[in-house]
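S.K.: Okay, so here is input-v8.cif, and as you'll see once you scroll down, it has mmCIF, C-alpha atoms.
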```cif
data_query
#
loop_
_atom_site.label_atom_id
_atom_site.label_comp_id
_atom_site.auth_asym_id
_atom_site.auth_seq_id
_atom_site.Cartn_x
_atom_site.Cartn_y
_atom_site.Cartn_z
CA MET A 1 0.00 0.00 0.00
CA ASN A 2 1.30 3.45 -0.94
CA GLN A 3 1.20 5.31 2.37
CA ASP A 4 1.35 8.82 0.89
CA THR A 5 -1.81 9.09 -1.16
CA LEU A 6 -5.08 10.92 -1.23
CA HIS A 7 -8.26 9.34 -2.62
CA ARG A 8 -11.43 11.13 -3.65
CA TYR A 9 -14.76 9.29 -3.74
CA LEU A 10 -18.43 9.98 -4.41
CA PHE A 11 -21.65 8.33 -3.29
CA ASP A 12 -23.82 7.57 -6.30
CA ASN A 13 -27.06 7.68 -4.32
CA ALA A 14 -26.32 10.82 -2.31
CA ASP A 15 -24.93 14.27 -3.11
CA VAL A 16 -21.99 13.74 -0.77
CA ARG A 17 -18.31 13.61 -1.60
CA GLY A 18 -15.48 12.13 0.41
CA GLU A 19 -11.71 12.08 0.69
CA LEU A 20 -9.26 9.77 2.40
CA VAL A 21 -5.58 10.57 2.94
CA GLN A 22 -2.82 8.32 4.28
CA LEU A 23 0.64 9.71 5.07
CA GLN A 24 3.89 8.09 6.11
CA ASP A 25 7.09 9.19 4.34
CA SER A 26 6.01 12.81 3.93
CA TYR A 27 4.92 12.89 7.58
CA GLN A 28 8.24 11.49 8.74
CA GLN A 29 10.15 14.10 6.74
CA VAL A 30 8.23 16.88 8.48
CA ILE A 31 8.62 15.64 12.05
CA SER A 32 12.23 14.52 11.62
CA ALA A 33 13.39 18.09 10.97
CA GLN A 34 13.39 18.78 14.73
CA GLU A 35 13.16 16.82 17.97
CA TYR A 36 9.47 17.45 18.41
CA PRO A 37 7.72 16.40 21.62
CA ALA A 38 5.30 13.51 21.11
CA VAL A 39 2.23 15.72 21.34
CA LEU A 40 3.57 17.98 18.58
CA GLN A 41 4.38 14.99 16.39
CA VAL A 42 0.73 13.98 16.66
CA LEU A 43 -0.51 17.52 16.10
CA LEU A 44 1.66 18.03 13.01
CA GLY A 45 0.42 14.70 11.62
CA GLU A 46 -3.20 15.71 12.10
CA LEU A 47 -2.43 19.13 10.62
CA MET A 48 -0.77 17.53 7.58
CA ALA A 49 -3.77 15.28 7.00
CA ALA A 50 -6.15 18.23 7.38
CA THR A 51 -4.14 20.39 4.97
CA SER A 52 -4.03 17.61 2.38
CA LEU A 53 -7.79 17.15 2.64
CA LEU A 54 -8.35 20.89 2.35
CA THR A 55 -5.98 21.12 -0.61
CA ALA A 56 -8.00 18.50 -2.44
CA THR A 57 -11.02 20.81 -2.28
CA LEU A 58 -9.22 23.61 -4.14
CA LYS A 59 -10.61 24.51 -7.53
CA PHE A 60 -7.50 26.40 -8.63
CA SER A 61 -3.72 26.10 -8.93
CA GLY A 62 -2.06 27.71 -5.96
CA ASP A 63 -1.01 27.40 -2.35
CA ILE A 64 -2.70 26.77 0.97
CA SER A 65 -1.46 27.44 4.49
CA VAL A 66 -3.10 26.08 7.64
CA GLN A 67 -1.56 27.88 10.60
CA LEU A 68 -2.22 27.54 14.32
CA GLN A 69 -1.11 30.39 16.58
CA GLY A 70 -1.56 31.29 20.21
CA ASN A 71 -0.08 32.71 23.39
CA GLY A 72 0.59 29.34 25.01
CA PRO A 73 3.79 27.26 25.11
CA VAL A 74 3.30 26.46 21.42
CA SER A 75 3.39 29.71 19.47
CA LEU A 76 3.08 28.25 15.98
CA ALA A 77 2.25 25.09 14.05
CA VAL A 78 1.84 25.41 10.30
CA ILE A 79 1.54 23.20 7.24
CA ASN A 80 1.96 24.72 3.80
CA GLY A 81 0.77 22.89 0.68
CA ASN A 82 -0.30 23.37 -2.91
CA ASN A 83 -2.64 21.88 -5.48
CA LEU A 84 0.03 19.28 -6.34
CA GLN A 85 -0.26 17.86 -2.81
CA GLU A 86 3.27 18.97 -1.92
CA LEU A 87 3.43 19.66 1.83
CA ARG A 88 5.91 21.05 4.35
CA GLY A 89 5.51 22.18 7.93
CA VAL A 90 7.04 23.33 11.20
CA ALA A 91 6.13 24.04 14.81
CA ARG A 92 7.68 26.29 17.48
CA TRP A 93 7.43 25.79 21.23
CA ASN A 94 9.22 27.09 24.33
CA ALA A 95 8.37 24.72 27.20
CA GLU A 96 7.96 21.07 28.07
CA LEU A 97 4.71 19.66 26.73
CA ALA A 98 2.66 16.86 28.22
CA ASP A 99 1.88 14.00 25.84
CA ASP A 100 -1.85 14.47 26.45
CA ALA A 101 -1.92 18.27 26.35
CA SER A 102 -5.10 19.73 24.84
CA LEU A 103 -5.22 22.40 22.14
CA THR A 104 -5.95 25.01 24.80
CA GLU A 105 -3.02 23.84 26.92
CA LEU A 106 -0.75 23.99 23.87
CA PHE A 107 -1.86 27.31 22.36
CA GLY A 108 -3.64 29.16 25.17
CA GLN A 109 -5.87 31.70 23.48
CA GLY A 110 -5.28 30.42 19.99
CA TYR A 111 -6.72 30.63 16.52
CA MET A 112 -6.40 28.88 13.18
CA VAL A 113 -5.71 30.86 10.01
CA ILE A 114 -6.36 29.17 6.66
CA THR A 115 -4.94 31.10 3.72
CA LEU A 116 -5.70 30.23 0.11
CA THR A 117 -3.42 31.87 -2.47
CA PRO A 118 -4.33 31.14 -6.10
CA GLU A 119 -1.77 31.67 -8.83
CA GLU A 120 -4.35 33.96 -10.44
CA GLY A 121 -6.90 35.92 -8.49
CA GLU A 122 -7.27 37.27 -4.98
CA ARG A 123 -6.05 35.63 -1.80
CA TYR A 124 -8.64 34.40 0.69
CA GLN A 125 -8.11 34.07 4.42
CA GLY A 126 -10.35 32.55 7.06
CA VAL A 127 -9.85 32.63 10.83
CA VAL A 128 -11.46 30.46 13.51
CA ALA A 129 -10.76 30.14 17.22
CA LEU A 130 -8.99 27.09 18.62
CA ASP A 131 -11.80 26.69 21.13
CA LYS A 132 -12.89 23.16 20.25
CA PRO A 133 -11.51 20.00 21.90
CA THR A 134 -9.94 18.68 18.68
CA LEU A 135 -8.26 20.05 15.58
CA ALA A 136 -10.85 18.22 13.46
CA ALA A 137 -13.68 20.11 15.18
CA CYS A 138 -11.90 23.42 14.54
CA VAL A 139 -11.52 22.60 10.83
CA GLU A 140 -15.21 21.66 10.66
CA GLU A 141 -16.03 25.06 12.15
CA TYR A 142 -13.97 26.72 9.41
CA PHE A 143 -16.13 25.01 6.79
CA ASN A 144 -19.30 25.94 8.66
CA GLN A 145 -18.27 29.59 8.52
CA SER A 146 -16.69 29.75 5.07
CA GLU A 147 -18.78 27.44 2.90
CA GLN A 148 -21.80 26.77 5.10
CA LEU A 149 -21.95 23.20 3.83
CA PRO A 150 -22.24 20.34 6.32
CA THR A 151 -18.72 18.90 6.59
CA GLY A 152 -17.13 16.12 8.61
CA ILE A 153 -13.40 15.72 9.34
CA TRP A 154 -11.66 12.80 11.04
CA LEU A 155 -7.91 13.09 11.81
CA PHE A 156 -5.40 10.60 13.22
CA ALA A 157 -1.64 10.50 13.86
CA ASP A 158 0.67 8.50 16.13
CA GLY A 159 4.20 9.74 15.36
CA LYS A 160 4.66 7.10 12.68
CA GLN A 161 1.69 7.55 10.37
CA ALA A 162 -1.03 10.11 9.84
CA ALA A 163 -4.40 9.83 8.13
CA GLY A 164 -7.69 11.59 7.72
CA MET A 165 -11.13 11.42 6.18
CA PHE A 166 -13.46 14.11 4.88
CA LEU A 167 -17.16 14.21 4.00
CA GLN A 168 -19.09 17.13 2.59
CA ILE A 169 -22.50 17.70 1.07
CA LEU A 170 -22.31 18.79 -2.55
CA PRO A 171 -24.16 22.01 -3.44
CA SER A 172 -27.66 20.91 -4.45
CA GLN A 173 -31.20 22.17 -4.53
CA GLN A 174 -32.33 19.03 -2.74
CA ASP A 175 -32.02 18.34 0.97
CA HIS A 176 -29.36 15.68 1.55
CA ASN A 177 -28.80 16.33 5.25
CA ALA A 178 -30.23 12.95 6.20
CA ASP A 179 -27.86 11.20 3.79
CA PHE A 180 -24.95 13.18 5.18
CA GLU A 181 -25.83 12.35 8.78
CA HIS A 182 -26.10 8.66 7.91
CA LEU A 183 -22.74 8.62 6.11
CA SER A 184 -21.12 10.64 8.90
CA GLN A 185 -22.26 8.09 11.47
CA LEU A 186 -20.74 5.33 9.37
CA THR A 187 -17.48 7.25 8.94
CA SER A 188 -17.28 7.96 12.66
CA THR A 189 -16.77 4.24 13.28
CA ILE A 190 -13.36 4.34 11.56
CA LYS A 191 -10.41 3.44 13.77
CA ALA A 192 -6.90 4.85 13.45
CA GLU A 193 -5.45 1.36 13.06
CA GLU A 194 -7.69 0.69 10.06
CA LEU A 195 -6.53 3.84 8.30
CA PHE A 196 -2.90 3.06 9.14
CA THR A 197 -2.94 -0.54 7.88
CA LEU A 198 -5.62 -0.95 5.21
CA ASP A 199 -5.68 0.33 1.65
CA ALA A 200 -8.34 2.83 0.63
CA GLU A 201 -10.60 0.28 -1.07
CA SER A 202 -10.65 -1.88 2.06
CA VAL A 203 -11.39 1.08 4.30
CA LEU A 204 -14.28 2.25 2.13
CA HIS A 205 -15.68 -1.28 1.88
CA ARG A 206 -15.64 -1.65 5.66
CA LEU A 207 -17.37 1.66 6.19
CA TYR A 208 -19.80 1.79 3.28
CA HIS A 209 -20.33 -1.78 2.09
CA GLN A 210 -24.07 -1.14 1.73
CA GLU A 211 -23.55 2.08 -0.23
CA GLU A 212 -22.65 2.68 -3.87
CA VAL A 213 -19.23 4.34 -3.76
CA ARG A 214 -17.22 5.54 -6.73
CA LEU A 215 -13.48 5.67 -5.91
CA PHE A 216 -11.21 7.78 -8.11
CA ASP A 217 -7.54 7.25 -8.92
CA PRO A 218 -5.16 8.08 -6.05
CA ILE A 219 -3.14 11.30 -5.94
CA ASP A 220 0.41 11.17 -4.59
CA VAL A 221 1.20 13.31 -1.55
CA SER A 222 4.81 14.34 -0.94
CA PHE A 223 7.03 16.48 1.21
CA LYS A 224 8.61 19.38 -0.66
CA CYS A 225 10.47 22.31 0.77
CA THR A 226 10.66 25.56 -1.18
CA CYS A 227 13.94 26.78 0.29
CA SER A 228 16.78 27.49 -2.16
CA HIS A 229 20.08 29.30 -2.66
CA GLU A 230 18.23 32.13 -4.35
CA ARG A 231 15.70 32.60 -1.54
CA SER A 232 18.48 32.66 1.06
CA ALA A 233 20.46 35.16 -0.99
CA GLY A 234 17.36 37.30 -1.31
CA ALA A 235 16.90 37.22 2.47
CA ILE A 236 20.48 38.40 3.00
CA LYS A 237 19.91 41.30 0.62
CA THR A 238 17.06 42.56 2.81
CA LEU A 239 19.50 43.03 5.71
CA ASP A 240 21.88 45.91 6.33
CA GLN A 241 25.16 45.31 4.50
CA ALA A 242 27.23 46.62 7.43
CA GLU A 243 25.51 44.14 9.76
CA ILE A 244 26.24 41.28 7.36
CA GLU A 245 29.89 42.32 7.04
CA ALA A 246 30.21 42.45 10.83
CA ILE A 247 29.02 38.84 11.05
CA LEU A 248 31.47 37.86 8.32
CA ALA A 249 34.33 39.54 10.18
CA GLU A 250 33.50 37.55 13.32
CA ASP A 251 32.48 34.18 11.87
CA GLY A 252 34.06 34.17 8.43
CA LYS A 253 30.79 33.14 6.79
CA ILE A 254 27.03 33.55 6.82
CA GLU A 255 25.01 30.40 7.44
CA MET A 256 21.29 30.27 6.82
CA GLY A 257 19.29 27.21 7.79
CA CYS A 258 15.83 26.13 6.73
CA GLU A 259 13.62 25.18 9.67
CA TYR A 260 11.39 23.10 7.40
CA CYS A 261 14.04 20.70 6.04
CA HIS A 262 17.26 21.72 7.84
CA ALA A 263 19.14 22.49 4.61
CA LYS A 264 21.98 24.93 5.22
CA TYR A 265 23.19 27.59 2.83
CA THR A 266 26.64 29.08 3.36
CA PHE A 267 27.85 32.44 2.03
CA ASP A 268 31.47 33.63 2.31
CA ALA A 269 32.82 37.15 1.96
CA ILE A 270 33.16 36.87 -1.81
CA ASP A 271 29.58 35.60 -2.13
CA VAL A 272 28.24 38.48 -0.05
CA ALA A 273 30.31 41.13 -1.85
CA THR A 274 29.07 39.83 -5.19
CA LEU A 275 25.50 39.69 -3.91
CA PHE A 276 25.43 43.31 -2.81
CA ALA A 277 27.33 44.41 -5.92
CA ASN A 278 25.10 42.97 -8.60
CA GLY A 279 22.49 40.74 -7.01
CA GLN A 280 24.26 37.53 -8.10
CA THR A 281 26.07 35.02 -5.92
CA SER A 282 27.44 31.52 -5.89
CA THR A 283 26.47 29.54 -2.80
CA THR A 284 27.27 26.27 -1.20
CA GLN A 285 24.61 23.96 0.25
CA GLN A 286 25.70 21.71 3.09
#
```
Written as structure tokens, that's how I'd like the structure from this file.
M.R.:
Amino acid sequence: MNQDTLHRYLFDNADVRGELVQLQDSYQQVISAQEYPAVLQVLLGELMAATSLLTATLKFSGDISVQLQGNGPVSLAVINGNNLQELRGVARWNAELADDASLTELFGQGYMVITLTPEEGERYQGVVALDKPTLAACVEEYFNQSEQLPTGIWLFADGKQAAGMFLQILPSQQDHNADFEHLSQLTSTIKAEELFTLDAESVLHRLYHQEEVRLFDPIDVSFKCTCSHERSAGAIKTLDQAEIEAILAEDGKIEMGCEYCHAKYTFDAIDVATLFANGQTSTTQQ
């Protein structure tokens, strides 16, 4: 079973669509970038699954960011993705975290910001409070506010694998709330272990064996960081040249690290002089 895939499916006898995502390698690449506490490993896994499911609802080419912020011991957790299902993410914290800490204990007075940035057109941003007991419930509230379509989200992660499921009523002139409630009750019986060990067809058969389900071809999900020599050079150019030269005089080089993938970009005095002279530089990645 490919453990980094997203599946879309439809119910032929109800105006309801679904998605199922299973993550392993991409999830491991995100949480291996730092020594995350166990509770943040789980949170980042759930956030990756949620972002993938949200990305699959996009009707345009572009980017999505699902960001959690607050005034608690965890100040930030964010997953960035795009319509190609390429994800990356990071979290920042400043205290020891209990394995069973709640969202409120992690973020204090927190909120979730979902930003959609199409390649063409205007950016959209939605904000909801982190005042629900689970991340899934907060994402459902985002859909209630933004699209006002009944939506169900189920998220799982254990530090090794992450997975999620999504149900939503399709826009229709008919009332399909009863169908949605029925399918939501069936979906709510899913167990994390089933999503971690079974392929999509088996999961859907277990849940909906009495329904007519149309499963579409899987979409690969991957980890991809957008850091580069050029982006790092551009960041240096935004700083004061005298400040950069002072660091060079003390350290002999400028090192810039990516907190998403831990790539390091090194600039020596010649690189920096060339950069400020004409905007071009040669760099070394370590």
S.K.: Excluding same-chain residues fewer than 3 positions from range 23-32 of chain A, what lies within 7 Å of it counting only C-alpha atoms, as JSON, numbers by chain?
M.R.: {"A": [3, 4, 5, 35, 36, 41, 45, 88, 89, 160, 161, 162, 163, 222, 223]}
S.K.: What's the separation between CA of Ala242 in chain A and CA of Val272 in chain A, in Å to one decimal place?
M.R.: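 Between these atoms lies a distance of 11.1 Å.
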S.K.: Give me, as number ranges by chain, all polymer residues having an atom no more than 9 Å from Pro118 in chain A, counting only C-alpha atoms and skipping those fewer than 6 positions away in the same chain.
M.R.: A: 60-64, 124
S.K.: Let's have the selection written as a PDB file, in the frame of the given file, with C-alpha atoms.
M.R.:
```
ATOM      1  CA  PHE A  60      -7.500  26.400  -8.630  1.00  0.00           C
ATOM      2  CA  SER A  61      -3.720  26.100  -8.930  1.00  0.00           C
ATOM      3  CA  GLY A  62      -2.060  27.710  -5.960  1.00  0.00           C
ATOM      4  CA  ASP A  63      -1.010  27.400  -2.350  1.00  0.00           C
ATOM      5  CA  ILE A  64      -2.700  26.770   0.970  1.00  0.00           C
ATOM      6  CA  TYR A 124      -8.640  34.400   0.690  1.00  0.00           C
TER       7      TYR A 124
END
```
S.K.: Quick one: residues within 12 Å of Ser172 in chain A, only C-alpha atoms counted, chain neighbours fewer than 6 positions away excluded, as a PDB file with C-alpha atoms, keeping the file's coordinate frame?
M.R.:
```
ATOM      1  CA  ALA A  14     -26.320  10.820  -2.310  1.00  0.00           C
ATOM      2  CA  ASP A  15     -24.930  14.270  -3.110  1.00  0.00           C
ATOM      3  CA  VAL A  16     -21.990  13.740  -0.770  1.00  0.00           C
ATOM      4  CA  LEU A 149     -21.950  23.200   3.830  1.00  0.00           C
TER       5      LEU A 149
END
```
S.K.: Would you mind listing what lies within 9 Å of range 243-249 of chain A as a list in words, with all atoms listed in the file counted and same-chain residues fewer than 2 positions away left out?
M.R.: Ile236, Leu239, Asp240, Gln241, Asp251, Gly252, Lys253, Ile254, Asp268, Ala269, Val272 and Ala273 of chain A
S.K.: Could you work out how far CA of Val39 in chain A lies from CA of Asp99 in chain A, giving the answer in Å with one decimal?
M.R.: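 Separation between CA of Asp99 in chain A and CA of Val39 in chain A: 4.8 Å.
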S.K.: With all atoms listed in the file as the basis for distance, which of A:Ser202, A:Leu207, A:Ala95, A:Pro73 is at the shortest distance from Gln185 in chain A?
M.R.: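 Closest to Gln185 in chain A of all the choices is A:Leu207.
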S.K.: Take CA of Ala56 in chain A and CA of Leu44 in chain A and report the distance between them in Å, one decimal.
M.R.: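 Between CA of Ala56 in chain A and CA of Leu44 in chain A the gap works out to 18.2 Å.
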S.K.: Once the PyMOL selection byres ((chain A and resi 167) around 6) has been applied to the shown file, what residues remain in the selection, as a JSON list (two decimals) with C-alpha atoms, keeping the file's coordinate frame?
M.R.:
```
[["chain", "number", "residue", "atom", "x", "y", "z"],
["A", 17, "ARG", "CA", -18.31, 13.61, -1.60],
["A", 18, "GLY", "CA", -15.48, 12.13, 0.41],
["A", 151, "THR", "CA", -18.72, 18.90, 6.59],
["A", 152, "GLY", "CA", -17.13, 16.12, 8.61],
["A", 166, "PHE", "CA", -13.46, 14.11, 4.88],
["A", 168, "GLN", "CA", -19.09, 17.13, 2.59]]
```
S.K.: Which neighbours of Phe156 in chain A fall inside 10 Å, counting all atoms listed in the file, when residues of the same chain fewer than 3 positions from it are skipped, and could you give them as a ChimeraX atom specification?
M.R.: /A:22,42-43,45-47,49-50,136,159,161-165,191-193,195-196
S.K.: Nearest residue to Leu204 in chain A out of A:Leu135, A:Pro150, A:Ile219, A:Leu186, using all atoms listed in the file?
M.R.: A:Leu186
S.K.: Go through A:Val90, A:Leu103, A:Met48, A:Ala233 one by one, measure the shortest atom-to-atom distance of each to Tyr265 in chain A using only C-alpha atoms, and give the residue with the smallest value.
M.R.: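 Using only C-alpha atoms, Tyr265 in chain A sits closest to A:Ala233.
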S.K.: With the PyMOL selection byres ((chain A and resi 114) around 12) as the selection, what would be picked from this file? Answer as a ChimeraX atom specification, please.
M.R.: /A:47,50-51,54-55,63-69,78-81,111-113,115-117,123-129,138-139,141-143,146
S.K.: Could you write out as a list in words the residues that the PyMOL selection byres ((chain A and resi 91) around 6) matches in the shown file?
M.R.: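 Applying the expression gives Leu76, Ala77, Val90 and Arg92 of chain A.
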S.K.: Around the point (-24.4, 3.0, -2.0), in the coordinates given by the file, pick out the residues reaching within 12 Å, counting only C-alpha atoms, and return them as a PyMOL selection string.
M.R.: chain A and resi 9-16+179+182-183+204-205+207-215
S.K.: Which residue, A:Leu170, A:Leu130, A:Cys225, A:Val203, has the smallest gap to Gly108 in chain A when you use all atoms listed in the file?
M.R.: A:Leu130
S.K.: Could you add the missing atoms to range 17-52 of chain A, up to N, CA and C atoms, and return them as a tab-separated table (two decimals), keeping the file's coordinate frame?
M.R.:
```tsv
chain	number	residue	atom	x	y	z
A	17	ARG	N	-19.64	14.01	-1.13
A	17	ARG	CA	-18.31	13.61	-1.60
A	17	ARG	C	-17.43	13.29	-0.40
A	18	GLY	N	-16.39	12.50	-0.67
A	18	GLY	CA	-15.48	12.13	0.41
A	18	GLY	C	-14.04	12.14	-0.04
A	19	GLU	N	-13.15	12.18	0.93
A	19	GLU	CA	-11.71	12.08	0.69
A	19	GLU	C	-11.09	11.24	1.80
A	20	LEU	N	-10.02	10.58	1.44
A	20	LEU	CA	-9.26	9.77	2.40
A	20	LEU	C	-7.78	9.98	2.11
A	21	VAL	N	-7.01	10.37	3.12
A	21	VAL	CA	-5.58	10.57	2.94
A	21	VAL	C	-4.80	9.71	3.93
A	22	GLN	N	-3.71	9.14	3.46
A	22	GLN	CA	-2.82	8.32	4.28
A	22	GLN	C	-1.39	8.80	4.06
A	23	LEU	N	-0.69	9.12	5.14
A	23	LEU	CA	0.64	9.71	5.07
A	23	LEU	C	1.64	8.92	5.91
A	24	GLN	N	2.82	8.74	5.36
A	24	GLN	CA	3.89	8.09	6.11
A	24	GLN	C	5.22	8.78	5.85
A	25	ASP	N	5.78	8.61	4.64
A	25	ASP	CA	7.09	9.19	4.34
A	25	ASP	C	7.08	10.71	4.46
A	26	SER	N	6.08	11.35	3.87
A	26	SER	CA	6.01	12.81	3.93
A	26	SER	C	5.87	13.30	5.37
A	27	TYR	N	5.10	12.58	6.16
A	27	TYR	CA	4.92	12.89	7.58
A	27	TYR	C	6.24	12.76	8.32
A	28	GLN	N	6.97	11.69	8.07
A	28	GLN	CA	8.24	11.49	8.74
A	28	GLN	C	9.25	12.58	8.38
A	29	GLN	N	9.22	13.04	7.14
A	29	GLN	CA	10.15	14.10	6.74
A	29	GLN	C	9.84	15.40	7.47
A	30	VAL	N	8.58	15.66	7.75
A	30	VAL	CA	8.23	16.88	8.48
A	30	VAL	C	8.67	16.78	9.93
A	31	ILE	N	8.34	15.69	10.61
A	31	ILE	CA	8.62	15.64	12.05
A	31	ILE	C	10.06	15.28	12.37
A	32	SER	N	10.83	14.83	11.38
A	32	SER	CA	12.23	14.52	11.62
A	32	SER	C	13.13	15.75	11.54
A	33	ALA	N	12.58	16.88	11.11
A	33	ALA	CA	13.39	18.09	10.97
A	33	ALA	C	13.83	18.64	12.33
A	34	GLN	N	13.04	18.35	13.38
A	34	GLN	CA	13.39	18.78	14.73
A	34	GLN	C	13.02	17.68	15.71
A	35	GLU	N	13.51	17.80	16.94
A	35	GLU	CA	13.16	16.82	17.97
A	35	GLU	C	11.85	17.27	18.64
A	36	TYR	N	10.77	17.02	17.92
A	36	TYR	CA	9.47	17.45	18.41
A	36	TYR	C	9.00	16.58	19.57
A	37	PRO	N	8.39	17.19	20.59
A	37	PRO	CA	7.72	16.40	21.62
A	37	PRO	C	6.62	15.54	20.99
A	38	ALA	N	6.27	14.45	21.67
A	38	ALA	CA	5.30	13.51	21.11
A	38	ALA	C	3.98	14.18	20.76
A	39	VAL	N	3.52	15.09	21.61
A	39	VAL	CA	2.23	15.72	21.34
A	39	VAL	C	2.28	16.59	20.09
A	40	LEU	N	3.45	17.19	19.80
A	40	LEU	CA	3.57	17.98	18.58
A	40	LEU	C	3.72	17.10	17.35
A	41	GLN	N	4.34	15.94	17.51
A	41	GLN	CA	4.38	14.99	16.39
A	41	GLN	C	2.97	14.60	15.98
A	42	VAL	N	2.12	14.34	16.95
A	42	VAL	CA	0.73	13.98	16.66
A	42	VAL	C	0.01	15.17	16.03
A	43	LEU	N	0.18	16.34	16.62
A	43	LEU	CA	-0.51	17.52	16.10
A	43	LEU	C	-0.09	17.82	14.67
A	44	LEU	N	1.20	17.76	14.37
A	44	LEU	CA	1.66	18.03	13.01
A	44	LEU	C	1.12	16.99	12.03
A	45	GLY	N	1.01	15.73	12.48
A	45	GLY	CA	0.42	14.70	11.62
A	45	GLY	C	-1.03	14.99	11.30
A	46	GLU	N	-1.79	15.36	12.32
A	46	GLU	CA	-3.20	15.71	12.10
A	46	GLU	C	-3.30	16.94	11.20
A	47	LEU	N	-2.41	17.90	11.42
A	47	LEU	CA	-2.43	19.13	10.62
A	47	LEU	C	-2.06	18.85	9.17
A	48	MET	N	-1.11	17.93	8.95
A	48	MET	CA	-0.77	17.53	7.58
A	48	MET	C	-1.96	16.88	6.89
A	49	ALA	N	-2.61	15.95	7.59
A	49	ALA	CA	-3.77	15.28	7.00
A	49	ALA	C	-4.87	16.29	6.69
A	50	ALA	N	-5.12	17.22	7.61
A	50	ALA	CA	-6.15	18.23	7.38
A	50	ALA	C	-5.81	19.10	6.19
A	51	THR	N	-4.54	19.52	6.08
A	51	THR	CA	-4.14	20.39	4.97
A	51	THR	C	-4.26	19.66	3.64
A	52	SER	N	-3.89	18.39	3.61
A	52	SER	CA	-4.03	17.61	2.38
A	52	SER	C	-5.49	17.52	1.98
```
